[in-house]
Structure formats: C-alpha cells, structure tokens
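Below: the structure, in structure tokens.
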Amino acid sequence: MKVDVRDVRRDDLHAVIAIDAAATGLAKPAYWRSVFRRYGDPDARARHFLVACGDGEVVGFVVGEVRDWEFGSPPCGWVFGIDVRADVREGGVGSRLLEAIAKRFRRAGVKKLRTMLARDNTLILSFFRSQGMMAAPFIPLEMDLQAAE
Amino acid sequence: MKLQMNTTLALYSVAEFAANPGRHLSTAEIAARHGVSAHHLAKVLSELARAGILESVRGVGGGYRFVGNARRLTLMDVIERFEAIDGGPAKTRVPATDIGRALAAIESEIDEMAKATFRSITLATLLRLIERQSRHASAA
C-alpha cells in the first residue's frame, strides 16, 4: 500500500476518532474536535496534526508540538498522539508519520523529539524504541489528590 | 532488578546469534568472544534451544543457530526463561515494618520501570542500537 502523509483536514476526523477508539476502547469525539481546532492549522510552525493516507483512506495519525522551556528543557518536539489502524500495522506507516513530524520539528529548529506513554503500553513503547528512542533524562511523577474535606 | 549471570549470558548470546542469522556458532566461539566459561555457557544455550530461540546444529562445525523472530522476541522473553520475574525481592525479602514497606514500594517502582524497558525492546531494536552505537564510535 502506498502511503502519503499530509496535514489533517476536518473530513479526516471521523477516521482519526475511529482509529483512536479502536486502540483505546473509548471514542472521544469532543476531544478530537478540540485537538483539531488547536493543532489543525497547516500554517502553524509549532503545532502539527498529520494523517497517513493509503488507498484513499486515513490509516494513521500523529499529533505534536514544539514546547519551549518546559521543565527547564530547551525547546523540543513533543509527540502526544500517534496511532495506526490495526490492519495496516507493521507496514511502516508509523515510521512514516514519525519521520514526517520529526521533519516539521527540525524545520522549527528543535533538536530533540520526546514523548511519554503508559509503561504497560508495550505496543507503542516498542514502536518508539524501534525508531531509536531512548529513556529521556526526566521522571514522570504523580499523586492522588484527595477530595476537599 | 538485578540480572543473574546466566541471564546476562543469555542476552549476550541471543544478540550474538540474532546478529548472525543462519550462521552456526559454537559454544566455544561465543564463550571465547565474551571471556566466559564454555561449560557455563553450554547450559544457557541449551535452555535457549529448549525455548525455541536457538536450534542445535549437529555434526562437524555444529553448534547453534538463531531460529527466533528478532522483530517479536523481546529482551524480557529471554530474561523470563532464567529469572522468576514476579514476587521479586521487594515482596519477599523486606521486613514487614513501615520502613520495610516504604523501601519495598520504592524498589518496586524501579523494578516496574526495568520490566517495561525490557518488554519494549525487541532483538531487532537491540541490533539497531548496537549498529548505531558502533557507527557513532567509528565516527568519533
């Protein structure tokens, strides 16, 4: 299958929502509409929402942005969403998407690409590892917030 | 998560075999390359053959060859053949006191990160990392 990567269009959202819902078990149309409003401008230099198309259909997506001086880090490209339709995985679509967004980040002048994901998400973790990503010098932390008394 | 000697030997060996798919390597050859006892390594390779990762090759110049799927086989798949992964030291060794429980929680955090890392790295990814590091070393 020949795959092209391009900027997202409003018409692509239903396919993006379906790919995400199949992977996560939860359809989030309102969330994806808000992501589109924030990241769907093809002229923005720092925010990117790209889709991979094969045989006339959207088969994958990637979303990310350049973040400046977050936690003291020099500007870096941050990928916070990537997925590929299950039936076309292992065909290089994810690699094409990551390459495409990395190219945008390089064009914006950043030298690092980062992401964060659940440690039990072995599928996507293995994908990022296969692309050469290594542990970053950061540790994610969290705490439970008790309800106010 | 401290790996035992056999586990480390297994990881070295599997990487060595996967980097030379189809080629027979003898126990003595690998033992010499990594400076370990051939007797000790033989037990490790035999276990890897039982796991279907290596195949024993008989006859002159025999040894083992890699028959696993480098794109699917993770470092954790190899480790699990040699280590009891669940019920590790944090759960069994620490005293049942407040301090013991707090230290066990920290040790468990570290273990979980280590396991996730080993689960996410396939042999193919490891081989690419070796190649990349070797390229950088040659360029430096």
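Residue numbering restarts at 1 for every chain of the structure tokens, chains are lettered A, B, ... in their displayed order, and ligands are numbered from 1 as they appear.
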
Report the residues of range 74-123 of chain B whose backbone DSSP state falls under alpha helix (DSSP H), written as a ChimeraX atom specification. /B:75-79,89-92,98-120,123

Kindly export the residues of the current selection with N, CA and C atoms, as a compact mmCIF listing (two decimals), in the first residue's frame.
# COMPACT_ATOMS: atom_id res chain seq x y z
N LEU B 75 13.63 -8.60 24.98
CA LEU B 75 14.63 -8.94 25.98
C LEU B 75 13.95 -9.63 27.18
N MET B 76 12.73 -9.19 27.48
CA MET B 76 12.02 -9.80 28.61
C MET B 76 11.70 -11.26 28.33
N ASP B 77 11.39 -11.61 27.07
CA ASP B 77 11.11 -13.01 26.72
C ASP B 77 12.32 -13.88 27.07
N VAL B 78 13.52 -13.34 26.85
CA VAL B 78 14.75 -14.09 27.16
C VAL B 78 14.94 -14.13 28.68
N ILE B 79 14.80 -12.97 29.32
CA ILE B 79 15.02 -12.87 30.77
C ILE B 79 14.11 -13.84 31.53
N PRO B 89 12.36 -9.50 44.95
CA PRO B 89 12.91 -9.24 46.28
C PRO B 89 12.08 -8.28 47.12
N ALA B 90 11.46 -7.28 46.45
CA ALA B 90 10.73 -6.29 47.23
C ALA B 90 9.57 -6.95 47.98
N LYS B 91 9.01 -8.02 47.39
CA LYS B 91 7.83 -8.63 48.01
C LYS B 91 8.23 -9.69 49.03
N THR B 92 9.41 -10.26 48.89
CA THR B 92 9.72 -11.43 49.73
C THR B 92 10.76 -11.15 50.82
N ASP B 98 7.01 -0.48 58.79
CA ASP B 98 6.68 0.71 57.99
C ASP B 98 7.85 1.06 57.07
N ILE B 99 9.06 0.99 57.62
CA ILE B 99 10.25 1.33 56.81
C ILE B 99 10.41 0.30 55.68
N GLY B 100 10.26 -0.96 56.03
CA GLY B 100 10.40 -2.03 55.04
C GLY B 100 9.41 -1.86 53.91
N ARG B 101 8.17 -1.54 54.26
CA ARG B 101 7.14 -1.38 53.23
C ARG B 101 7.43 -0.18 52.34
N ALA B 102 7.89 0.92 52.94
CA ALA B 102 8.20 2.12 52.13
C ALA B 102 9.36 1.83 51.19
N LEU B 103 10.39 1.16 51.69
CA LEU B 103 11.54 0.83 50.83
C LEU B 103 11.12 -0.15 49.73
N ALA B 104 10.23 -1.07 50.08
CA ALA B 104 9.76 -2.05 49.09
C ALA B 104 8.99 -1.34 47.98
N ALA B 105 8.23 -0.29 48.35
CA ALA B 105 7.47 0.45 47.34
C ALA B 105 8.41 1.13 46.35
N ILE B 106 9.51 1.67 46.88
CA ILE B 106 10.49 2.34 46.00
C ILE B 106 11.17 1.32 45.10
N GLU B 107 11.55 0.18 45.69
CA GLU B 107 12.22 -0.86 44.91
C GLU B 107 11.28 -1.38 43.81
N SER B 108 10.01 -1.46 44.16
CA SER B 108 9.02 -1.94 43.20
C SER B 108 8.88 -0.96 42.03
N GLU B 109 8.94 0.37 42.32
CA GLU B 109 8.89 1.38 41.25
C GLU B 109 10.02 1.14 40.25
N ILE B 110 11.22 0.93 40.79
CA ILE B 110 12.39 0.73 39.94
C ILE B 110 12.23 -0.54 39.10
N ASP B 111 11.75 -1.60 39.75
CA ASP B 111 11.54 -2.87 39.06
C ASP B 111 10.55 -2.73 37.91
N GLU B 112 9.46 -2.00 38.18
CA GLU B 112 8.43 -1.85 37.14
C GLU B 112 8.99 -1.12 35.92
N MET B 113 9.82 -0.12 36.16
CA MET B 113 10.44 0.61 35.04
C MET B 113 11.36 -0.31 34.25
N ALA B 114 12.13 -1.11 35.01
CA ALA B 114 13.08 -2.03 34.34
C ALA B 114 12.31 -3.04 33.49
N LYS B 115 11.24 -3.59 34.05
CA LYS B 115 10.47 -4.58 33.31
C LYS B 115 9.87 -3.97 32.04
N ALA B 116 9.31 -2.76 32.17
CA ALA B 116 8.71 -2.11 31.00
C ALA B 116 9.76 -1.89 29.92
N THR B 117 10.97 -1.54 30.34
CA THR B 117 12.05 -1.31 29.37
C THR B 117 12.40 -2.62 28.67
N PHE B 118 12.59 -3.67 29.43
CA PHE B 118 12.96 -4.96 28.82
C PHE B 118 11.84 -5.49 27.91
N ARG B 119 10.59 -5.21 28.30
CA ARG B 119 9.47 -5.69 27.48
C ARG B 119 9.37 -4.93 26.17
N SER B 120 9.86 -3.69 26.14
CA SER B 120 9.66 -2.85 24.95
C SER B 120 10.80 -2.98 23.94
N LEU B 123 14.73 -7.91 19.89
CA LEU B 123 16.10 -8.20 19.42
C LEU B 123 16.46 -7.30 18.24

Please identify every residue of chain A that has at least one atom no farther than 10 Å from an atom of chain B, counting only C-alpha atoms, and for each give the shortest atom pair and the distance in Å to one decimal, arranged by chain then increasing number, as JSON lines.
{"residue": "A:Ala118", "atom": "CA", "partner": "B:Ala116", "partner_atom": "CA", "distance": 9.4}
{"residue": "A:Arg119", "atom": "CA", "partner": "B:Ala116", "partner_atom": "CA", "distance": 5.6}
{"residue": "A:Asp120", "atom": "CA", "partner": "B:Ala116", "partner_atom": "CA", "distance": 6.6}
{"residue": "A:Asn121", "atom": "CA", "partner": "B:Ala116", "partner_atom": "CA", "distance": 8.7}
{"residue": "A:Thr122", "atom": "CA", "partner": "B:Ser120", "partner_atom": "CA", "distance": 5.6}
{"residue": "A:Leu123", "atom": "CA", "partner": "B:Ser120", "partner_atom": "CA", "distance": 7.6}
{"residue": "A:Ile124", "atom": "CA", "partner": "B:Ser120", "partner_atom": "CA", "distance": 8.5}
{"residue": "A:Leu125", "atom": "CA", "partner": "B:Ser120", "partner_atom": "CA", "distance": 5.7}
{"residue": "A:Ser126", "atom": "CA", "partner": "B:Ser120", "partner_atom": "CA", "distance": 4.3}
{"residue": "A:Phe127", "atom": "CA", "partner": "B:Ser120", "partner_atom": "CA", "distance": 8.1}
{"residue": "A:Phe128", "atom": "CA", "partner": "B:Ser120", "partner_atom": "CA", "distance": 8.8}
{"residue": "A:Arg129", "atom": "CA", "partner": "B:Ile121", "partner_atom": "CA", "distance": 6.4}
{"residue": "A:Ser130", "atom": "CA", "partner": "B:Thr125", "partner_atom": "CA", "distance": 5.0}
{"residue": "A:Gln131", "atom": "CA", "partner": "B:Thr125", "partner_atom": "CA", "distance": 8.0}
{"residue": "A:Gly132", "atom": "CA", "partner": "B:Leu129", "partner_atom": "CA", "distance": 7.0}
{"residue": "A:Met133", "atom": "CA", "partner": "B:Leu129", "partner_atom": "CA", "distance": 9.7}
{"residue": "A:Met134", "atom": "CA", "partner": "B:Thr117", "partner_atom": "CA", "distance": 9.6}
{"residue": "A:Ala135", "atom": "CA", "partner": "B:Thr117", "partner_atom": "CA", "distance": 8.8}

Can I get the selection written as a tab-separated table (two decimals), in the first residue's frame, with all heavy atoms?
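File written: result16.tsv
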chain	number	residue	atom	x	y	z
A	118	ALA	N	2.15	5.30	28.82
A	118	ALA	CA	2.00	4.36	29.94
A	118	ALA	C	3.01	3.24	29.78
A	118	ALA	O	3.22	2.75	28.68
A	118	ALA	CB	0.58	3.79	29.95
A	119	ARG	N	3.63	2.83	30.91
A	119	ARG	CA	4.68	1.82	30.78
A	119	ARG	C	4.13	0.44	30.41
A	119	ARG	O	4.88	-0.42	29.98
A	119	ARG	CB	5.53	1.76	32.04
A	119	ARG	CG	4.82	1.27	33.25
A	119	ARG	CD	5.75	1.30	34.44
A	119	ARG	NE	4.98	1.04	35.64
A	119	ARG	CZ	5.20	1.63	36.80
A	119	ARG	NH1	6.15	2.53	36.91
A	119	ARG	NH2	4.47	1.34	37.84
A	120	ASP	N	2.81	0.25	30.55
A	120	ASP	CA	2.26	-1.04	30.11
A	120	ASP	C	1.76	-0.99	28.66
A	120	ASP	O	1.22	-1.96	28.15
A	120	ASP	CB	1.15	-1.51	31.05
A	120	ASP	CG	-0.02	-0.55	31.11
A	120	ASP	OD1	0.04	0.50	30.44
A	120	ASP	OD2	-1.01	-0.84	31.81
A	121	ASN	N	1.98	0.14	27.99
A	121	ASN	CA	1.60	0.24	26.58
A	121	ASN	C	2.76	-0.29	25.72
A	121	ASN	O	3.45	0.44	25.02
A	121	ASN	CB	1.29	1.70	26.22
A	121	ASN	CG	0.67	1.83	24.85
A	121	ASN	OD1	0.66	0.88	24.07
A	121	ASN	ND2	0.15	3.00	24.55
A	122	THR	N	2.95	-1.60	25.81
A	122	THR	CA	4.12	-2.23	25.18
A	122	THR	C	4.15	-2.02	23.67
A	122	THR	O	5.21	-1.84	23.08
A	122	THR	CB	4.14	-3.74	25.50
A	122	THR	OG1	4.01	-3.87	26.92
A	122	THR	CG2	5.43	-4.39	25.09
A	123	LEU	N	2.98	-2.03	23.05
A	123	LEU	CA	2.93	-1.90	21.59
A	123	LEU	C	3.56	-0.59	21.12
A	123	LEU	O	4.48	-0.58	20.29
A	123	LEU	CB	1.46	-1.97	21.12
A	123	LEU	CG	1.25	-1.82	19.62
A	123	LEU	CD1	1.66	-3.08	18.90
A	123	LEU	CD2	-0.22	-1.50	19.32
A	124	ILE	N	3.10	0.53	21.68
A	124	ILE	CA	3.61	1.83	21.23
A	124	ILE	C	5.02	2.08	21.77
A	124	ILE	O	5.87	2.66	21.10
A	124	ILE	CB	2.65	2.98	21.65
A	124	ILE	CG1	1.22	2.68	21.19
A	124	ILE	CG2	3.10	4.31	21.09
A	124	ILE	CD1	0.97	2.79	19.71
A	125	LEU	N	5.27	1.58	22.99
A	125	LEU	CA	6.61	1.71	23.58
A	125	LEU	C	7.63	0.99	22.68
A	125	LEU	O	8.70	1.53	22.37
A	125	LEU	CB	6.58	1.08	24.98
A	125	LEU	CG	7.59	1.51	26.02
A	125	LEU	CD1	7.67	3.02	26.14
A	125	LEU	CD2	7.22	0.92	27.38
A	126	SER	N	7.28	-0.20	22.22
A	126	SER	CA	8.18	-0.96	21.33
A	126	SER	C	8.37	-0.22	20.02
A	126	SER	O	9.46	-0.22	19.45
A	126	SER	CB	7.61	-2.34	21.02
A	126	SER	OG	7.56	-3.09	22.18
A	127	PHE	N	7.28	0.40	19.53
A	127	PHE	CA	7.40	1.16	18.28
A	127	PHE	C	8.41	2.29	18.44
A	127	PHE	O	9.33	2.43	17.63
A	127	PHE	CB	6.03	1.71	17.86
A	127	PHE	CG	6.15	2.79	16.82
A	127	PHE	CD1	6.54	2.47	15.52
A	127	PHE	CD2	5.95	4.12	17.15
A	127	PHE	CE1	6.71	3.47	14.57
A	127	PHE	CE2	6.11	5.13	16.21
A	127	PHE	CZ	6.49	4.80	14.90
A	128	PHE	N	8.25	3.10	19.50
A	128	PHE	CA	9.17	4.23	19.69
A	128	PHE	C	10.61	3.73	19.88
A	128	PHE	O	11.54	4.32	19.37
A	128	PHE	CB	8.75	5.08	20.89
A	128	PHE	CG	7.62	6.03	20.58
A	128	PHE	CD1	6.45	6.01	21.34
A	128	PHE	CD2	7.71	6.94	19.54
A	128	PHE	CE1	5.41	6.88	21.06
A	128	PHE	CE2	6.66	7.82	19.26
A	128	PHE	CZ	5.51	7.78	20.02
A	129	ARG	N	10.76	2.63	20.61
A	129	ARG	CA	12.10	2.05	20.79
A	129	ARG	C	12.69	1.65	19.44
A	129	ARG	O	13.87	1.84	19.18
A	129	ARG	CB	12.02	0.82	21.70
A	129	ARG	CG	11.79	1.15	23.15
A	129	ARG	CD	13.07	1.63	23.75
A	129	ARG	NE	12.99	1.75	25.20
A	129	ARG	CZ	14.01	2.13	25.94
A	129	ARG	NH1	15.17	2.43	25.40
A	129	ARG	NH2	13.89	2.24	27.24
A	130	SER	N	11.85	1.05	18.60
A	130	SER	CA	12.34	0.58	17.29
A	130	SER	C	12.78	1.75	16.42
A	130	SER	O	13.55	1.57	15.48
A	130	SER	CB	11.26	-0.24	16.57
A	130	SER	OG	10.27	0.62	16.05
A	131	GLN	N	12.27	2.94	16.74
A	131	GLN	CA	12.66	4.13	15.98
A	131	GLN	C	13.93	4.77	16.53
A	131	GLN	O	14.36	5.82	16.08
A	131	GLN	CB	11.52	5.16	16.00
A	131	GLN	CG	10.21	4.64	15.45
A	131	GLN	CD	10.33	4.24	13.99
A	131	GLN	OE1	10.71	5.03	13.14
A	131	GLN	NE2	10.02	2.98	13.71
A	132	GLY	N	14.49	4.15	17.57
A	132	GLY	CA	15.75	4.66	18.12
A	132	GLY	C	15.57	5.53	19.35
A	132	GLY	O	16.54	6.10	19.84
A	133	MET	N	14.34	5.63	19.87
A	133	MET	CA	14.15	6.48	21.06
A	133	MET	C	14.66	5.77	22.31
A	133	MET	O	14.52	4.56	22.45
A	133	MET	CB	12.68	6.87	21.20
A	133	MET	CG	12.25	7.82	20.09
A	133	MET	SD	10.58	8.45	20.27
A	133	MET	CE	10.83	9.72	21.51
A	134	MET	N	15.24	6.55	23.21
A	134	MET	CA	15.80	6.02	24.45
A	134	MET	C	15.15	6.77	25.61
A	134	MET	O	14.49	7.79	25.41
A	134	MET	CB	17.32	6.25	24.50
A	134	MET	CG	18.09	5.68	23.32
A	134	MET	SD	18.21	3.89	23.34
A	134	MET	CE	19.46	3.63	24.59
A	135	ALA	N	15.38	6.30	26.84
A	135	ALA	CA	14.80	6.98	28.01
A	135	ALA	C	15.34	8.40	28.08
A	135	ALA	O	16.53	8.64	27.87
A	135	ALA	CB	15.16	6.22	29.27

Contacts of range 47-57 of chain B at 6 Å or less, counting only C-alpha atoms, minus same-chain residues fewer than 2 places along, as number ranges by chain? B: 44-45, 62-68

Could you turn the residues from that selection into a file that holds C-alpha atoms, as a JSON list (two decimals), in the first residue's frame?
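Wrote result.json, looks like this:
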[["chain", "number", "residue", "atom", "x", "y", "z"],
["B", 44, "VAL", "CA", 22.46, -21.33, 28.92],
["B", 45, "LEU", "CA", 22.44, -22.18, 25.20],
["B", 62, "GLY", "CA", 27.96, -27.73, 14.73],
["B", 63, "GLY", "CA", 26.70, -25.51, 17.47],
["B", 64, "TYR", "CA", 23.57, -23.41, 17.45],
["B", 65, "ARG", "CA", 21.79, -21.03, 15.15],
["B", 66, "PHE", "CA", 19.11, -18.40, 15.75],
["B", 67, "VAL", "CA", 15.59, -19.51, 14.86],
["B", 68, "GLY", "CA", 13.58, -16.92, 16.79]]

List every residue of range 22-128 of chain B that DSSP, applied to the backbone, labels as strand (DSSP E), and write the result as a PDB file with N, CA and C atoms, in the first residue's frame.
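Below is the file states_5.pdb, written as the result:
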ATOM      1  N   LEU B  54      16.964 -20.790  19.884  1.00  0.00           N
ATOM      2  CA  LEU B  54      18.101 -21.322  19.125  1.00  0.00           C
ATOM      3  C   LEU B  54      17.759 -22.736  18.683  1.00  0.00           C
ATOM      4  N   GLU B  55      18.509 -23.199  17.679  1.00  0.00           N
ATOM      5  CA  GLU B  55      18.353 -24.579  17.222  1.00  0.00           C
ATOM      6  C   GLU B  55      19.736 -25.210  17.232  1.00  0.00           C
ATOM      7  N   SER B  56      19.783 -26.412  17.765  1.00  0.00           N
ATOM      8  CA  SER B  56      21.064 -27.105  17.838  1.00  0.00           C
ATOM      9  C   SER B  56      21.420 -27.655  16.451  1.00  0.00           C
ATOM     10  N   VAL B  57      22.682 -27.478  16.061  1.00  0.00           N
ATOM     11  CA  VAL B  57      23.148 -27.980  14.760  1.00  0.00           C
ATOM     12  C   VAL B  57      24.182 -29.058  15.050  1.00  0.00           C
ATOM     13  N   GLY B  63      26.853 -26.542  16.444  1.00  0.00           N
ATOM     14  CA  GLY B  63      26.702 -25.511  17.472  1.00  0.00           C
ATOM     15  C   GLY B  63      25.230 -25.149  17.539  1.00  0.00           C
ATOM     16  N   TYR B  64      24.957 -23.865  17.429  1.00  0.00           N
ATOM     17  CA  TYR B  64      23.568 -23.412  17.453  1.00  0.00           C
ATOM     18  C   TYR B  64      23.372 -22.346  16.384  1.00  0.00           C
ATOM     19  N   ARG B  65      22.128 -22.174  16.006  1.00  0.00           N
ATOM     20  CA  ARG B  65      21.790 -21.028  15.155  1.00  0.00           C
ATOM     21  C   ARG B  65      20.483 -20.417  15.650  1.00  0.00           C
ATOM     22  N   PHE B  66      20.285 -19.143  15.288  1.00  0.00           N
ATOM     23  CA  PHE B  66      19.113 -18.401  15.751  1.00  0.00           C
ATOM     24  C   PHE B  66      17.891 -18.798  14.924  1.00  0.00           C
TER      25      PHE B  66
END

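CA of Asp83 in chain A to CA of Leu97 in chain A spans 9.1 Å [interatomic distance, one decimal].
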